[in-house]
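Dropping target_25.txt in here (compact mmCIF, C-alpha atoms):
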# COMPACT_ATOMS: atom_id res chain seq x y z
CA MET A 1266 -30.83 -27.46 3.01
CA LYS A 1267 -28.78 -30.48 4.13
CA THR A 1268 -26.60 -30.26 7.21
CA SER A 1269 -23.48 -31.04 5.15
CA GLN A 1270 -24.23 -28.01 2.98
CA ILE A 1271 -24.58 -25.81 6.05
CA VAL A 1272 -21.25 -27.11 7.32
CA ASP A 1273 -19.66 -26.21 3.96
CA GLN A 1274 -21.11 -22.71 4.29
CA MET A 1275 -19.49 -22.31 7.68
CA ARG A 1276 -16.02 -22.57 6.15
CA PRO A 1277 -13.81 -20.25 8.25
CA LYS A 1278 -12.81 -16.92 6.77
CA PRO A 1279 -9.13 -16.74 5.74
CA VAL A 1280 -6.93 -15.87 8.71
CA THR A 1281 -4.12 -13.35 8.57
CA LEU A 1282 -0.82 -13.62 10.35
CA ASP A 1283 0.23 -11.13 12.97
CA PRO A 1284 3.03 -9.33 11.05
CA GLN A 1285 5.35 -9.12 14.05
CA TRP A 1286 4.91 -12.77 14.98
CA SER A 1287 5.24 -13.81 11.34
CA ALA A 1288 8.53 -11.94 10.85
CA SER A 1289 10.12 -13.17 14.07
CA SER A 1290 8.99 -16.79 13.57
CA LEU A 1291 10.24 -16.85 10.00
CA ARG A 1292 13.58 -15.36 11.05
CA SER A 1293 13.95 -17.92 13.81
CA ILE A 1294 13.12 -20.87 11.52
CA LEU A 1295 15.45 -19.69 8.75
CA GLY A 1296 18.22 -19.40 11.33
CA SER A 1297 17.94 -23.09 12.18
CA PRO A 1298 19.74 -25.91 10.34
CA HIS A 1299 18.07 -27.35 7.27
CA THR A 1300 18.56 -29.76 4.40
CA PRO A 1301 18.92 -27.83 1.13
CA ARG A 1302 16.58 -28.91 -1.59
CA SER A 1303 18.73 -30.26 -4.39
CA GLN A 1304 15.89 -31.01 -6.74
CA ARG A 1305 12.12 -30.91 -6.62
CA ARG A 1306 10.70 -34.27 -5.77
CA LEU A 1307 7.48 -35.77 -6.91
CA ARG A 1308 4.54 -35.80 -4.56
CA PRO A 1309 4.64 -38.94 -2.41
CA VAL A 1310 2.19 -41.56 -3.59
CA VAL A 1311 -0.08 -43.32 -1.13
CA LEU A 1312 0.53 -47.02 -1.54
CA GLY A 1313 -2.21 -49.58 -1.58
CA ALA A 1314 -2.33 -52.57 0.72
CA ALA A 1315 0.28 -54.49 -1.30
CA GLY A 1316 2.67 -51.57 -1.05
CA LEU A 1317 2.25 -51.34 2.68
CA VAL A 1318 3.04 -55.02 3.09
CA LEU A 1319 6.16 -54.62 0.99
CA ALA A 1320 7.17 -51.52 2.95
CA SER A 1321 6.80 -53.23 6.29
CA GLY A 1322 8.66 -56.26 5.02
CA GLY A 1323 11.69 -54.10 4.30
CA ILE A 1324 12.25 -53.15 7.92
CA ALA A 1325 14.46 -55.28 10.08
CA TYR A 1326 12.78 -55.59 13.43
CA ALA A 1327 15.03 -56.15 16.36
CA THR A 1328 12.58 -58.36 18.19
CA GLY A 1329 10.24 -60.61 16.27
CA ASN A 1330 7.62 -59.43 13.83
CA VAL A 1331 5.84 -56.13 14.30
CA PRO A 1332 2.39 -55.92 12.68
CA ALA A 1333 2.14 -53.71 9.58
CA PHE A 1334 -0.50 -51.50 11.20
CA ILE A 1335 1.96 -50.58 13.95
CA GLU A 1336 4.40 -49.36 11.35
CA GLU A 1337 1.57 -47.43 9.71
CA GLY A 1338 0.81 -45.97 13.14
CA PHE A 1339 4.39 -44.74 13.42
CA ASP A 1340 4.08 -43.17 9.96
CA GLU A 1341 0.98 -41.37 11.25
CA ILE A 1342 2.66 -39.80 14.24
CA SER A 1343 6.18 -39.20 12.97
CA PRO A 1344 7.03 -36.20 10.80
CA SER A 1345 9.92 -38.18 9.27
CA SER A 1346 10.74 -41.80 8.39
CA VAL A 1347 10.88 -44.29 11.26
CA HIS A 1348 13.21 -47.22 11.71
CA ASP A 1349 14.26 -49.76 14.35
CA VAL A 1350 10.62 -50.55 15.16
CA ARG A 1351 10.25 -53.05 17.99
CA ARG A 1352 7.99 -54.17 20.78
CA ILE A 1353 9.51 -53.40 24.15
CA ALA A 1354 6.93 -54.20 26.83
CA SER A 1355 3.32 -54.88 27.73
CA PHE A 1356 1.09 -54.26 30.70
CA ASN A 1357 -2.34 -55.30 31.90
CA LEU A 1358 -5.19 -53.35 33.36
CA ALA A 1359 -7.95 -54.98 35.38
CA SER A 1360 -11.34 -53.91 34.08
CA GLY A 1361 -14.30 -55.41 35.94
CA SER A 1362 -13.96 -59.17 35.67
CA SER A 1363 -11.72 -59.01 32.59
CA THR A 1364 -8.18 -57.87 31.87
CA ARG A 1365 -7.15 -55.39 29.20
CA GLU A 1366 -3.75 -55.93 27.63
CA PHE A 1367 -1.62 -53.13 26.15
CA GLU A 1368 1.59 -53.54 24.14
CA VAL A 1369 4.24 -50.87 23.86
CA PHE A 1370 6.27 -50.41 20.64
CA ARG A 1371 9.11 -48.01 20.01
CA ALA A 1372 11.00 -46.66 17.00
CA THR A 1373 13.38 -43.86 16.14
CA ASN A 1374 12.90 -41.36 13.33
CA ASP A 1375 15.09 -39.34 10.98
CA ASP A 1376 14.66 -36.26 13.19
CA GLY A 1377 16.44 -38.06 16.04
CA GLU A 1378 13.24 -38.47 18.02
CA THR A 1379 12.08 -41.59 19.79
CA CYS A 1380 8.51 -42.56 18.98
CA THR A 1381 6.33 -44.91 20.99
CA ILE A 1382 2.96 -46.48 20.34
CA THR A 1383 0.77 -48.19 22.90
CA HIS A 1384 -1.64 -50.63 21.32
CA GLU A 1385 -4.70 -52.35 22.72
CA ALA A 1386 -5.75 -55.16 20.36
CA ASP A 1387 -9.10 -55.74 22.07
CA GLY A 1388 -10.15 -52.19 22.82
CA ARG A 1389 -13.60 -51.18 23.84
CA PHE A 1390 -14.51 -50.22 20.27
CA GLY A 1391 -11.94 -52.41 18.53
CA PRO A 1392 -8.15 -52.15 18.18
CA ASN A 1393 -6.85 -48.86 19.54
CA SER A 1394 -3.40 -47.29 19.27
CA ASP A 1395 -1.93 -44.10 20.60
CA GLY A 1396 1.56 -42.72 20.21
CA ALA A 1397 3.98 -39.84 20.39
CA CYS A 1398 7.43 -38.76 19.25
CA ALA A 1399 9.82 -36.68 21.34
CA VAL A 1400 13.52 -36.05 21.74
CA ASP A 1401 13.49 -37.30 25.33
CA PRO A 1402 15.28 -40.56 26.17
CA VAL A 1403 12.85 -43.45 26.53
CA ASP A 1404 14.10 -44.59 29.93
CA GLY A 1405 10.98 -43.27 31.65
CA TRP A 1406 7.85 -42.16 29.82
CA PHE A 1407 4.21 -42.12 30.74
CA GLY A 1408 0.91 -42.08 28.92
CA TRP A 1409 -2.81 -42.46 29.42
CA THR A 1410 -4.73 -45.43 28.08
CA ALA A 1411 -6.82 -44.52 25.07
CA GLU A 1412 -10.48 -44.37 25.91
CA SER A 1413 -13.16 -43.72 23.33
CA ALA A 1414 -16.35 -41.83 24.00
CA ARG A 1415 -19.57 -42.02 22.06
CA VAL A 1416 -21.99 -39.17 21.72
CA GLY A 1417 -24.27 -39.07 24.71
CA GLU A 1418 -21.65 -40.57 27.03
CA SER A 1419 -19.59 -38.68 29.51
CA PHE A 1420 -15.89 -38.84 28.68
CA PRO A 1421 -14.49 -42.01 30.29
CA ASP A 1422 -11.50 -41.94 32.58
CA ALA A 1423 -8.11 -42.88 31.20
CA THR A 1424 -5.55 -44.79 33.22
CA LEU A 1425 -1.97 -43.67 33.73
CA TYR A 1426 0.76 -46.05 32.65
CA ILE A 1427 4.50 -45.78 32.99
CA TYR A 1428 6.92 -47.43 30.61
CA GLY A 1429 10.38 -47.27 29.13
CA GLU A 1430 13.64 -49.03 28.41
CA ARG A 1431 16.31 -49.57 31.02
CA PRO A 1432 19.13 -46.99 30.81
CA THR A 1433 21.81 -49.65 31.32
CA THR A 1434 21.91 -53.44 31.08
CA ALA A 1435 22.65 -53.66 34.82
CA VAL A 1436 19.05 -52.62 35.56
CA THR A 1437 16.78 -55.61 36.20
CA ARG A 1438 13.77 -53.95 37.85
CA VAL A 1439 12.29 -50.46 37.96
CA ARG A 1440 10.38 -49.11 40.94
CA ALA A 1441 7.79 -46.39 40.20
CA TYR A 1442 6.32 -44.58 43.15
CA GLY A 1443 4.41 -41.44 43.97
CA ALA A 1444 1.34 -40.21 45.83
CA GLY A 1445 -0.69 -43.32 46.69
CA PHE A 1446 1.18 -45.88 44.60
CA ASP A 1447 4.34 -47.96 44.60
CA HIS A 1448 4.92 -50.45 41.77
CA THR A 1449 8.01 -52.48 40.95
CA MET A 1450 8.31 -53.60 37.32
CA ARG A 1451 10.45 -56.42 36.04
CA VAL A 1452 12.62 -55.45 33.08
CA ASP A 1453 12.14 -57.77 30.09
CA PRO A 1454 15.60 -59.33 29.68
CA LEU A 1455 15.16 -59.65 25.90
CA THR A 1456 13.93 -56.15 25.08
CA GLY A 1457 15.10 -54.17 28.11
CA GLY A 1458 11.60 -52.70 28.34
CA PHE A 1459 9.25 -52.26 31.29
CA ALA A 1460 5.68 -51.05 31.76
CA THR A 1461 2.93 -50.90 34.34
CA ALA A 1462 -0.53 -49.41 34.72
CA VAL A 1463 -0.99 -47.00 37.62
CA PRO A 1464 -4.75 -46.89 38.20
CA GLU A 1465 -4.25 -45.21 41.59
CA VAL A 1466 -3.49 -41.86 39.91
CA THR A 1467 -6.53 -39.82 38.96
CA LEU A 1468 -6.97 -36.58 37.04
CA ASP A 1469 -8.38 -33.46 38.62
CA GLU A 1470 -11.32 -31.50 37.20
CA HIS A 1471 -8.99 -29.78 34.70
CA GLY A 1472 -7.78 -33.09 33.30
CA GLU A 1473 -4.39 -32.71 34.96
CA VAL A 1474 -2.52 -34.65 37.62
CA ALA A 1475 -2.56 -32.84 40.95
CA GLY A 1476 0.95 -31.38 41.20
CA ARG A 1477 3.03 -31.88 38.11
CA THR A 1478 5.27 -34.76 39.16
CA ILE A 1479 3.78 -38.05 38.05
CA ALA A 1480 6.25 -40.46 39.64
CA THR A 1481 9.78 -41.11 40.75
CA LEU A 1482 11.54 -44.01 39.06
CA ASP A 1483 14.31 -45.96 40.75
CA TYR A 1484 16.32 -48.21 38.44
CA LEU A 1485 17.34 -51.25 40.46
CA GLY A 1486 20.22 -53.68 39.98
CA ALA A 1487 20.10 -57.43 40.59
CA ALA A 1488 20.97 -56.96 44.26
CA GLY A 1489 18.25 -54.36 44.73
CA SER A 1490 20.55 -51.36 44.85
CA VAL A 1491 19.44 -48.11 43.18
CA ILE A 1492 21.59 -47.60 40.07
CA ASP A 1493 19.85 -44.45 38.87
CA SER A 1494 16.78 -42.39 39.59
CA LYS A 1495 14.58 -39.86 37.79
CA SER A 1496 11.31 -38.00 38.10
CA ILE A 1497 8.70 -37.90 35.36
CA LYS A 1498 6.29 -35.01 35.21
CA GLU A 1499 3.63 -33.30 33.10
CA ARG A 1500 5.04 -30.68 30.77
CA MET B 816 30.61 -7.44 -15.29
CA ASP B 817 33.84 -8.40 -13.58
CA ILE B 818 33.69 -11.44 -11.36
CA ILE B 819 36.06 -11.31 -8.44
CA ARG B 820 36.93 -14.67 -6.99
CA LEU B 821 38.09 -14.63 -3.38
CA GLU B 822 40.98 -16.88 -2.59
CA GLY B 823 39.89 -20.23 -1.17
CA VAL B 824 36.27 -19.89 -2.29
CA THR B 825 35.54 -22.93 -4.42
CA ASP B 826 32.74 -23.43 -6.94
CA ALA B 827 31.07 -25.79 -4.50
CA VAL B 828 30.96 -23.08 -1.82
CA ILE B 829 29.53 -20.55 -4.28
CA ARG B 830 26.89 -23.05 -5.40
CA ALA B 831 26.00 -23.81 -1.78
CA LEU B 832 25.61 -20.09 -0.98
CA LEU B 833 23.45 -19.49 -4.05
CA SER B 834 21.40 -22.56 -3.23
CA MET B 835 20.92 -21.40 0.37
CA SER B 836 19.68 -18.04 -0.82
CA LYS B 837 17.23 -19.62 -3.28
CA ASN B 838 16.03 -22.06 -0.64
CA GLN B 839 15.43 -19.23 1.80
CA GLU B 840 13.58 -17.28 -0.85
CA ARG B 841 11.34 -20.22 -1.70
CA PHE B 842 10.74 -21.07 1.93
CA THR B 843 9.81 -17.46 2.69
CA ALA B 844 7.31 -17.45 -0.17
CA THR B 845 5.90 -20.74 1.11
CA TRP B 846 5.58 -19.30 4.61
CA HIS B 847 3.60 -16.29 3.42
CA ALA B 848 1.39 -18.35 1.14
CA GLU B 849 0.72 -21.33 3.39
CA ALA B 850 1.13 -20.29 7.02
CA PRO B 851 -2.36 -18.68 7.20
CA ARG B 852 -3.89 -21.93 5.99
CA VAL B 853 -1.94 -24.01 8.49
CA LEU B 854 -2.87 -21.50 11.20
CA ALA B 855 -6.57 -21.94 10.40
CA TYR B 856 -6.15 -25.72 10.61
CA ALA B 857 -4.24 -25.41 13.88
CA ARG B 858 -6.85 -23.13 15.45
CA ARG B 859 -9.54 -25.68 14.80
CA HIS B 860 -7.55 -28.40 16.58
CA VAL B 861 -5.68 -26.74 19.43
CA GLY B 862 -7.34 -23.33 19.77
CA ALA B 863 -6.18 -19.79 19.00
CA GLN B 864 -3.67 -19.62 21.85
CA GLU B 865 -1.58 -22.68 20.94
CA ALA B 866 -2.06 -22.44 17.17
CA PRO B 867 0.90 -20.11 16.39
CA ASP B 868 3.31 -22.46 18.18
CA LEU B 869 1.99 -25.36 16.14
CA VAL B 870 2.47 -23.39 12.91
CA SER B 871 6.07 -22.53 13.88
CA GLU B 872 6.75 -26.14 14.75
CA THR B 873 5.28 -27.34 11.45
CA PHE B 874 7.37 -24.93 9.38
CA ALA B 875 10.47 -25.72 11.43
CA VAL B 876 10.04 -29.36 10.39
CA ALA B 877 9.49 -28.20 6.79
CA TRP B 878 12.70 -26.14 6.84
CA ARG B 879 14.66 -28.96 8.44
CA ARG B 880 13.40 -31.37 5.80
CA TRP B 881 13.13 -28.90 2.93
CA ASP B 882 14.59 -31.47 0.56
CA VAL B 883 11.48 -33.65 0.81
CA VAL B 884 8.75 -30.99 0.93
CA PRO B 885 6.74 -31.37 -2.30
CA ASP B 886 5.52 -28.60 -4.54
CA PRO B 887 2.78 -27.58 -3.92
CA PRO B 888 3.41 -28.06 -0.20
CA THR B 889 -0.09 -27.54 1.28
CA ALA B 890 -0.98 -31.17 1.90
CA TRP B 891 2.49 -31.93 3.28
CA LEU B 892 2.29 -29.00 5.70
CA ILE B 893 -1.21 -29.84 6.93
CA GLY B 894 -0.22 -33.49 7.22
CA THR B 895 2.82 -32.53 9.29
CA ALA B 896 0.72 -30.25 11.53
CA ARG B 897 -1.67 -33.16 12.00
CA LYS B 898 1.17 -35.47 13.02
CA ILE B 899 2.53 -32.94 15.47
CA ILE B 900 -0.92 -32.56 17.01
CA SER B 901 -1.39 -36.31 17.36
CA SER B 902 2.11 -36.68 18.76
CA HIS B 903 3.04 -33.83 21.06
CA HIS B 904 -0.48 -32.76 21.90
CA ARG B 905 -1.81 -36.28 22.32
CA SER B 906 -2.55 -36.21 26.03
CA ARG B 907 -4.48 -33.01 25.68
CA THR B 908 -6.27 -34.16 22.54
CA ARG B 909 -7.42 -37.37 24.10
CA ARG B 910 -8.72 -35.62 27.15
CA ILE B 911 -10.64 -33.12 25.07
CA ALA B 912 -14.28 -33.40 25.97
CA LEU B 913 -17.12 -33.06 23.50
CA SER B 914 -17.86 -29.57 24.79
CA GLU B 915 -14.26 -28.49 24.09
CA ARG B 916 -14.40 -29.91 20.56
CA LEU B 917 -17.60 -27.97 20.00
CA ARG B 918 -16.03 -24.78 21.34
CA LEU B 919 -13.06 -25.07 18.95
CA LEU B 920 -15.29 -25.64 15.95
CA GLU B 921 -17.62 -22.82 16.97
CA ALA B 922 -14.68 -20.43 17.27
CA ALA B 923 -13.40 -21.37 13.81
CA ALA B 924 -16.67 -21.46 11.88
CA THR B 925 -18.07 -18.52 9.94
CA PRO B 926 -21.51 -17.61 11.29
CA PRO B 927 -24.25 -18.40 8.73
CA THR B 928 -27.43 -16.38 8.50
CA ASP B 929 -29.48 -18.90 10.49
CA PRO B 930 -27.93 -19.29 13.95
CA TRP B 931 -30.17 -22.21 14.94
CA ARG B 932 -29.16 -24.28 11.90
CA ARG B 933 -25.55 -23.38 12.61
CA GLU B 934 -25.79 -24.65 16.16
CA GLU B 935 -27.44 -27.87 15.05
CA ALA B 936 -24.90 -28.40 12.26
CA LEU B 937 -22.03 -27.93 14.72
CA TYR B 938 -23.60 -30.39 17.16
CA ARG B 939 -23.88 -32.94 14.39
CA LEU B 940 -20.35 -32.26 13.21
CA VAL B 941 -18.87 -32.77 16.68
CA ALA B 942 -20.85 -36.00 17.02
CA LEU B 943 -19.14 -37.57 13.99
CA THR B 944 -16.11 -39.81 14.38
CA GLU B 945 -12.84 -37.94 14.06
CA GLN B 946 -12.12 -39.71 10.76
CA HIS B 947 -15.38 -38.54 9.24
CA ARG B 948 -15.06 -35.01 10.64
CA GLU B 949 -11.52 -34.65 9.28
CA ALA B 950 -12.55 -35.89 5.83
CA LEU B 951 -15.32 -33.31 5.69
CA LEU B 952 -13.33 -30.39 7.02
CA LEU B 953 -10.08 -30.97 5.12
CA THR B 954 -12.01 -30.53 1.90
CA GLY B 955 -14.85 -28.26 3.04
CA TRP B 956 -12.99 -25.88 5.35
CA ASP B 957 -9.30 -26.24 4.53
CA GLY B 958 -10.00 -26.22 0.81
CA LEU B 959 -7.88 -29.27 0.00
CA SER B 960 -8.61 -31.35 -3.06
CA ALA B 961 -9.67 -34.95 -2.44
CA GLU B 962 -6.22 -36.03 -3.62
CA ASP B 963 -4.45 -33.72 -1.16
CA ALA B 964 -6.78 -34.67 1.69
CA SER B 965 -6.14 -38.38 1.07
CA SER B 966 -2.43 -37.64 1.18
CA VAL B 967 -2.83 -35.81 4.52
CA LEU B 968 -4.70 -38.78 5.98
CA GLY B 969 -2.33 -41.34 4.46
CA ILE B 970 -5.07 -43.24 2.65
CA SER B 971 -5.74 -43.93 -1.03
CA HIS B 972 -7.77 -41.53 -3.12
CA GLY B 973 -10.54 -44.11 -3.50
CA ALA B 974 -10.67 -44.79 0.23
CA PHE B 975 -10.87 -41.06 0.91
CA ARG B 976 -13.77 -40.57 -1.50
CA LYS B 977 -15.65 -43.39 0.22
CA ARG B 978 -14.87 -41.92 3.64
CA LEU B 979 -16.01 -38.47 2.56
CA GLN B 980 -19.27 -39.84 1.20
CA ARG B 981 -19.88 -41.82 4.39
CA ALA B 982 -19.15 -38.69 6.42
CA ARG B 983 -21.66 -36.65 4.43
CA ASP B 984 -24.24 -39.41 4.73
CA ALA B 985 -23.65 -39.64 8.49
CA LEU B 986 -23.93 -35.89 8.89
CA ASP B 987 -27.18 -35.71 6.98
CA ALA B 988 -28.68 -38.89 8.39
CA LEU B 989 -28.36 -38.22 12.12
CA ASP B 990 -31.86 -37.99 13.46
CA ASP B 991 -33.28 -34.85 15.01
CA THR B 992 -33.22 -36.20 18.52
CA LEU B 993 -29.42 -36.09 18.49
CA SER B 994 -29.25 -32.36 18.93
CA LEU B 995 -31.48 -32.63 21.98
CA VAL B 996 -29.25 -35.32 23.49
CA LEU B 997 -26.16 -33.22 22.83
CA THR B 998 -27.74 -30.10 24.21
CA LYS B 999 -28.36 -31.97 27.43
CA GLU B 1000 -24.86 -33.44 27.38
CA ILE B 1001 -22.90 -30.32 26.65
CA ARG B 1002 -24.74 -27.62 28.52

Show the structure stored in the file as structure tokens.
Amino acid sequence: MKTSQIVDQMRPKPVTLDPQWSASSLRSILGSPHTPRSQRRLRPVVLGAAGLVLASGGIAYATGNVPAFIEEGFDEISPSSVHDVRRIASFNLASGSSTREFEVFRATNDDGETCTITHEADGRFGPNSDGACAVDPVDGWFGWTAESARVGESFPDATLYIYGERPTTAVTRVRAYGAGFDHTMRVDPLTGGFATAVPEVTLDEHGEVAGRTIATLDYLGAAGSVIDSKSIKER
Amino acid sequence: MDIIRLEGVTDAVIRALLSMSKNQERFTATWHAEAPRVLAYARRHVGAQEAPDLVSETFAVAWRRWDVVPDPPTAWLIGTARKIISSHHRSRTRRIALSERLRLLEAAATPPTDPWRREEALYRLVALTEQHREALLLTGWDGLSAEDASSVLGISHGAFRKRLQRARDALDALDDTLSLVLTKEIR
């Protein structure tokens, strides 16, 4: 028997819901705001390549052209439609004798969330993107560079990066500091974005940062004064 | 039957109330019919402990956007759960080691009669790329049609069929030494 047939045979048995959990979850969801269904809509149709090009062409990007695959990436991670897609920052990461470049894009969606995608055009195994949507303001986010593993390899280390958009136009630089690192990022005057890699931070054996606070961010004005400050931490 | 109209209650209000009740009724039926399926999908990706939260989050999105949820809703719900996983759970997902992926699949799978073949099949499954593994399991384990699975993955039907075939070929073609390598790697 082929392995694929054995995998098919291992199809999980149907699961049942815990009645108490089911009732309380349903009650809680039904108690939240919703959009009434006025009429049944047709199933969405997956567009071919031409459709995707047309779709991306219909979006007005605030800053230059954003590649179609970035928009597709936002569609992948966002539960609702995205708009206002733009590139806000980039950062480099030294890797041996070469440099890896990452670009950060952001968008907002119909659920009021901000979504970001970090893209590495020349990734280890080709172009690589990673993203997330959340309700948090985007004035100070962090992520880990996407690293791919192949079977037989140990899982490679990812590198922390910090990024965001300045909270006010008076901010010209952002200082990010914590245990063993202190970086000052220049804010891009066109996009208001900033980003930096923080290779000094390592994960413990559980894949977490020791302590939960990743960094403190100081938002600096032109004269170097601290306009605002915030901490970013693991949830 | 006498209809009593309360003062100030317009036709629009009555229609809205009736519509709300019907929406709630339909959503409740959808919850009972589809939540177990979404739960099974969630368990495979985030484990039994976090899976109920993911199901709640998925259906909360469905309720919030009830006007766009198609009928039947299965592919939409699984697709939304997938997006939530890749978004909110991204740090954890990326850091997931091969051994953790294997553990999640082992916990979800039904034990076949031959435990050795099961172990080998799971090793091979975990060694596939995520794209190939998802193509196989959305149809094989989640019971989605090829059309629904392509909708979940956001690719055309034709592209999905090719991906599924490549996944099956990759699963069946991996040579026997792989399981030995993985055994050494994971244990």

Sorted by chain and rising residue number, list the residues of chain B at most 6 Å from chain A (counting all atoms listed in the file), each with its closest atom pair and distance in Å to one decimal, as a Markdown table.
| residue | atom | partner | partner_atom | distance |
| --- | --- | --- | --- | --- |
| B:Pro851 | CA | A:Val1280 | CA | 5.6 |
| B:Ala875 | CA | A:Ile1294 | CA | 5.5 |
| B:Trp878 | CA | A:His1299 | CA | 5.5 |
| B:Arg879 | CA | A:His1299 | CA | 3.9 |
| B:Arg880 | CA | A:Thr1300 | CA | 5.6 |
| B:Trp881 | CA | A:Arg1302 | CA | 5.7 |
| B:Asp882 | CA | A:Arg1302 | CA | 3.9 |
| B:Pro885 | CA | A:Arg1308 | CA | 5.4 |
| B:Thr895 | CA | A:Pro1344 | CA | 5.8 |
| B:Lys898 | CA | A:Ile1342 | CA | 4.7 |
| B:Ser902 | CA | A:Ala1397 | CA | 4.0 |
| B:Ala923 | CA | A:Pro1277 | CA | 5.7 |
| B:Ala924 | CA | A:Pro1277 | CA | 4.8 |
| B:Thr925 | CA | A:Met1275 | CA | 4.6 |
| B:Ala936 | CA | A:Thr1268 | CA | 5.6 |
| B:Ala942 | CA | A:Val1416 | CA | 5.8 |
| B:Gly955 | CA | A:Asp1273 | CA | 5.3 |
| B:Trp956 | CA | A:Arg1276 | CA | 4.6 |
| B:Ser971 | CA | A:Val1311 | CA | 5.7 |
| B:Arg983 | CA | A:Ser1269 | CA | 5.9 |
| B:Asp987 | CA | A:Thr1268 | CA | 5.5 |

- Contact residues around region 860-865 of chain B with all atoms listed in the file at 10 Å, ignoring same-chain residues under 2 positions, as a ChimeraX atom specification: /B:854-858,867-870,896-897,900,904,907-908,911,915-916,918-920,922-923

Determine, counting only C-alpha atoms, every residue of protein, DNA or RNA that lies within 12 Å of (11.5, -42.2, 38.2) in the file coordinates, then give the result as a PDB file with C-alpha atoms, keeping the file's coordinate frame.
ATOM      1  CA  VAL A1403      12.850 -43.450  26.530  1.00  0.00           C
ATOM      2  CA  ASP A1404      14.100 -44.590  29.930  1.00  0.00           C
ATOM      3  CA  GLY A1405      10.980 -43.270  31.650  1.00  0.00           C
ATOM      4  CA  TRP A1406       7.850 -42.160  29.820  1.00  0.00           C
ATOM      5  CA  PHE A1407       4.210 -42.120  30.740  1.00  0.00           C
ATOM      6  CA  ILE A1427       4.500 -45.780  32.990  1.00  0.00           C
ATOM      7  CA  TYR A1428       6.920 -47.430  30.610  1.00  0.00           C
ATOM      8  CA  GLY A1429      10.380 -47.270  29.130  1.00  0.00           C
ATOM      9  CA  ARG A1431      16.310 -49.570  31.020  1.00  0.00           C
ATOM     10  CA  PRO A1432      19.130 -46.990  30.810  1.00  0.00           C
ATOM     11  CA  ARG A1438      13.770 -53.950  37.850  1.00  0.00           C
ATOM     12  CA  VAL A1439      12.290 -50.460  37.960  1.00  0.00           C
ATOM     13  CA  ARG A1440      10.380 -49.110  40.940  1.00  0.00           C
ATOM     14  CA  ALA A1441       7.790 -46.390  40.200  1.00  0.00           C
ATOM     15  CA  TYR A1442       6.320 -44.580  43.150  1.00  0.00           C
ATOM     16  CA  GLY A1443       4.410 -41.440  43.970  1.00  0.00           C
ATOM     17  CA  ASP A1447       4.340 -47.960  44.600  1.00  0.00           C
ATOM     18  CA  HIS A1448       4.920 -50.450  41.770  1.00  0.00           C
ATOM     19  CA  THR A1449       8.010 -52.480  40.950  1.00  0.00           C
ATOM     20  CA  MET A1450       8.310 -53.600  37.320  1.00  0.00           C
ATOM     21  CA  THR A1478       5.270 -34.760  39.160  1.00  0.00           C
ATOM     22  CA  ILE A1479       3.780 -38.050  38.050  1.00  0.00           C
ATOM     23  CA  ALA A1480       6.250 -40.460  39.640  1.00  0.00           C
ATOM     24  CA  THR A1481       9.780 -41.110  40.750  1.00  0.00           C
ATOM     25  CA  LEU A1482      11.540 -44.010  39.060  1.00  0.00           C
ATOM     26  CA  ASP A1483      14.310 -45.960  40.750  1.00  0.00           C
ATOM     27  CA  TYR A1484      16.320 -48.210  38.440  1.00  0.00           C
ATOM     28  CA  LEU A1485      17.340 -51.250  40.460  1.00  0.00           C
ATOM     29  CA  VAL A1491      19.440 -48.110  43.180  1.00  0.00           C
ATOM     30  CA  ILE A1492      21.590 -47.600  40.070  1.00  0.00           C
ATOM     31  CA  ASP A1493      19.850 -44.450  38.870  1.00  0.00           C
ATOM     32  CA  SER A1494      16.780 -42.390  39.590  1.00  0.00           C
ATOM     33  CA  LYS A1495      14.580 -39.860  37.790  1.00  0.00           C
ATOM     34  CA  SER A1496      11.310 -38.000  38.100  1.00  0.00           C
ATOM     35  CA  ILE A1497       8.700 -37.900  35.360  1.00  0.00           C
ATOM     36  CA  LYS A1498       6.290 -35.010  35.210  1.00  0.00           C
TER      37      LYS A1498
END

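The gap separating CA of Gly1445 (chain A) from CA of Arg1365 (chain A) is 22.2 Å, in Å to one decimal.
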
- Query: What does the distance from CA of Ser965 (chain B) to CA of Ala848 (chain B) come to in Å, to one decimal?
  - Reply: 21.4 Å

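Near Gln946 (chain B), within 12 Å and counting only C-alpha atoms, sit Leu940, Leu952, Leu953, Ala964, Ser965, Val967, Leu968, Gly969, Ile970, Ala974, Phe975, Lys977, Arg978, Leu979, Gln980, Arg981, Ala982, Arg983 and Ala985 of chain B; same-chain residues fewer than 6 positions away were not included.
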
Keeping only C-alpha atoms, write those residues as a short mmCIF file (atom, residue, chain, number, x, y, z; two decimals), keeping the file's coordinate frame.
data_model
loop_
_atom_site.label_atom_id
_atom_site.label_comp_id
_atom_site.auth_asym_id
_atom_site.auth_seq_id
_atom_site.Cartn_x
_atom_site.Cartn_y
_atom_site.Cartn_z
CA LEU B 940 -20.35 -32.26 13.21
CA LEU B 952 -13.33 -30.39 7.02
CA LEU B 953 -10.08 -30.97 5.12
CA ALA B 964 -6.78 -34.67 1.69
CA SER B 965 -6.14 -38.38 1.07
CA VAL B 967 -2.83 -35.81 4.52
CA LEU B 968 -4.70 -38.78 5.98
CA GLY B 969 -2.33 -41.34 4.46
CA ILE B 970 -5.07 -43.24 2.65
CA ALA B 974 -10.67 -44.79 0.23
CA PHE B 975 -10.87 -41.06 0.91
CA LYS B 977 -15.65 -43.39 0.22
CA ARG B 978 -14.87 -41.92 3.64
CA LEU B 979 -16.01 -38.47 2.56
CA GLN B 980 -19.27 -39.84 1.20
CA ARG B 981 -19.88 -41.82 4.39
CA ALA B 982 -19.15 -38.69 6.42
CA ARG B 983 -21.66 -36.65 4.43
CA ALA B 985 -23.65 -39.64 8.49
#
